[in-house]
Every structure is written in structure tokens, then in C-alpha cells.
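Participant: Below you'll find the structure I mean.
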Amino acid sequence: MNVPELRVTVFSDYICPFCYVGHHRLMRLRDTYDLKINWCFIEIHPETPAEGEPVTSLDYPSKQWNQLMHNLEVVAREESIPIAEHTFTTNSRDALLLAETAKESGREKFYDLHEKLFTAFFVDRKNIGDRNILHEIADSSGIHKDAVESAWQDEKYQQRIMSNYRKARTFDIQAVPSFIFGERKLTGVVSEDVMRSAAHEVLEQHTV
């Protein structure tokens, strides 16, 4: 039986907890579709230093932040997604550049790194703004150290991130995670059922 191909564009950042949840939900669609995902990484908090800082430094009213964290706990529990208490944030730029580089190492290595970056930050509470940590993760994913260094030195990867910002403006992306299924844009903590509905619509349009 042929598995239908499904192309999705995702705008995401490794320090966004709801991107972490959204990633897990999207990956579950692999039981039905051959997913072809265009991961467009954009940096949501460029002002945060690489050494990291408490999430209390982010410009969120405490009531709003507490509600966000409550929602995160609820969806993580519902989905059986492991997640530690989210008290620390960091600068994600080097991690995003590393992910862009990993795309050139093949699908398997990219997704291994992709999963490990989310897990390192949201489960193991590691600072993925630290290049030493990123080197360790990349090495465990089979990505050569020269490729890692090129991620931070070669201008073409910086340009890819800028291209992601331009693409986000094209789709009028205001927040991450955002998922583009054909002409339909889904933003935030959307359910797996909503994703499946969007996927079905895309394939229905292609078969008309």
C-alpha cells in the first residue's frame, strides 16, 4: 500500500516549549503519511544571552506566564510527552544554525539532532546556547565537528535563517509554532486531530 506524501512547512524554535509539543504531534502523522517537512527555524528571543537566564526575565506578565505553563503541563501530560519544569531560557541562534547545517547531513542525522536538541533543553535542562553542549549533541548525532563549526562561520547558514524570516512574513506568521498545510495555516498548540484534518484537506484538494 502506497503511503501518500504530505508536505508541511513548520516555523519553529528549539527554545519554544509549544514547538516541542507541536513537533511530537506532527510526527505522529507519520503513521498515515510520508511526511516531507520544511523546517523553517526562526529565533524568537534574540535578546537572550547564550549563557542563559531565568524565564522570569522574559517580558511576560506573571499571570499570562503562569497560564501558559499550566497549559503546557496539561498538554504534555495528555500527550505523554516528557518535559521538565520550564524555568530557564537561552539564546537559540547557534542551535538553529546547527540544525540548518545538519540538513546537509541527510534526513536521519538531521532528525536525530532535531530530537536531541528539543530533549536536551526541555527534558535534560541543558543550555543549548552553549557551543560545547551543541558540539556534544552534534557528535552524538554523527555530525562532523568541521560541519558544526561551519554552521557558525559560514554566512550561507545565516542567510538561511534570514530567508526563514522572510518566508514567515510571506505567510503572515505572528507566532511559533506555525504549520502550513497547503493553503491552511495552523498556529499554536493545535491538536493532532486538527493537523490530521488539515492534512486530509490538502490531499483532497490534490485529488480533485
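We label chains A, B, ... in the order they appear in the C-alpha cells, count residues from 1 in each chain, and number ligands from 1 in the order shown.
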Could you give me the residues within region 63-187 of chain A that DSSP places in helix (DSSP H, G or I), as number ranges by chain?

Facilitator: A: 63-79, 93-105, 107-122, 131-140, 145-153, 155-170

Participant: Could you pull the residues within 12 Å of Arg166 (chain A), counting only C-alpha atoms, minus those fewer than 4 positions along the same chain, as number ranges by chain?

Facilitator: A: 11, 40-42, 159-162, 170-173

Participant: From a backbone DSSP assignment, name each residue in region 13-159 of chain A labelled strand (DSSP E or B), as an NGL selection string.

Facilitator: :A and (34-41 or 53-54 or 88-89)

Participant: Mind writing the picked residues with N, CA and C atoms as an mmCIF file, in the first residue's frame?

Facilitator:
data_model
loop_
_atom_site.group_PDB
_atom_site.id
_atom_site.type_symbol
_atom_site.label_atom_id
_atom_site.label_comp_id
_atom_site.auth_asym_id
_atom_site.auth_seq_id
_atom_site.Cartn_x
_atom_site.Cartn_y
_atom_site.Cartn_z
ATOM 1 N N ASP A 34 3.689 10.010 4.337
ATOM 2 C CA ASP A 34 5.124 10.170 4.133
ATOM 3 C C ASP A 34 5.396 11.664 4.284
ATOM 4 N N LEU A 35 5.781 12.071 5.480
ATOM 5 C CA LEU A 35 5.942 13.489 5.777
ATOM 6 C C LEU A 35 7.192 14.066 5.126
ATOM 7 N N LYS A 36 7.013 15.178 4.430
ATOM 8 C CA LYS A 36 8.110 15.961 3.883
ATOM 9 C C LYS A 36 7.991 17.344 4.512
ATOM 10 N N ILE A 37 8.809 17.582 5.523
ATOM 11 C CA ILE A 37 8.663 18.805 6.319
ATOM 12 C C ILE A 37 9.770 19.792 5.990
ATOM 13 N N ASN A 38 9.364 20.996 5.707
ATOM 14 C CA ASN A 38 10.308 22.095 5.527
ATOM 15 C C ASN A 38 10.398 22.835 6.859
ATOM 16 N N TRP A 39 11.451 22.541 7.627
ATOM 17 C CA TRP A 39 11.620 23.180 8.927
ATOM 18 C C TRP A 39 12.234 24.562 8.725
ATOM 19 N N CYS A 40 11.472 25.583 9.045
ATOM 20 C CA CYS A 40 11.930 26.970 8.934
ATOM 21 C C CYS A 40 12.189 27.493 10.348
ATOM 22 N N PHE A 41 13.445 27.538 10.719
ATOM 23 C CA PHE A 41 13.800 27.935 12.084
ATOM 24 C C PHE A 41 13.920 29.448 12.189
ATOM 25 N N GLU A 53 19.322 32.561 31.039
ATOM 26 C CA GLU A 53 18.794 33.338 32.159
ATOM 27 C C GLU A 53 17.436 32.770 32.567
ATOM 28 N N PRO A 54 16.955 33.116 33.748
ATOM 29 C CA PRO A 54 15.641 32.614 34.186
ATOM 30 C C PRO A 54 14.526 33.112 33.272
ATOM 31 N N PHE A 88 14.144 28.068 32.730
ATOM 32 C CA PHE A 88 15.370 28.609 32.170
ATOM 33 C C PHE A 88 15.237 28.770 30.659
ATOM 34 N N THR A 89 15.755 29.871 30.135
ATOM 35 C CA THR A 89 15.764 30.049 28.684
ATOM 36 C C THR A 89 17.159 30.456 28.235
#

Participant: Kindly indicate which residue among A:Glu78, A:Glu149, A:Glu51, A:Glu43 lies nearest to Arg25 (chain A), using only C-alpha atoms for the distances.

Facilitator: A:Glu78

Participant: What lies within 8 Å of Val21 (chain A) using only C-alpha atoms, ignoring chain neighbours under 3 positions off, as an NGL selection string?

Facilitator: :A and (17-18 or 24-25 or 75-76 or 81 or 189)

Participant: Quote the spacing between CA of Tyr165 (chain A) and CA of Ile143 (chain A) in Å to one decimal place.

Facilitator: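 Rounded to one decimal, the two atoms are 25.7 Å apart.
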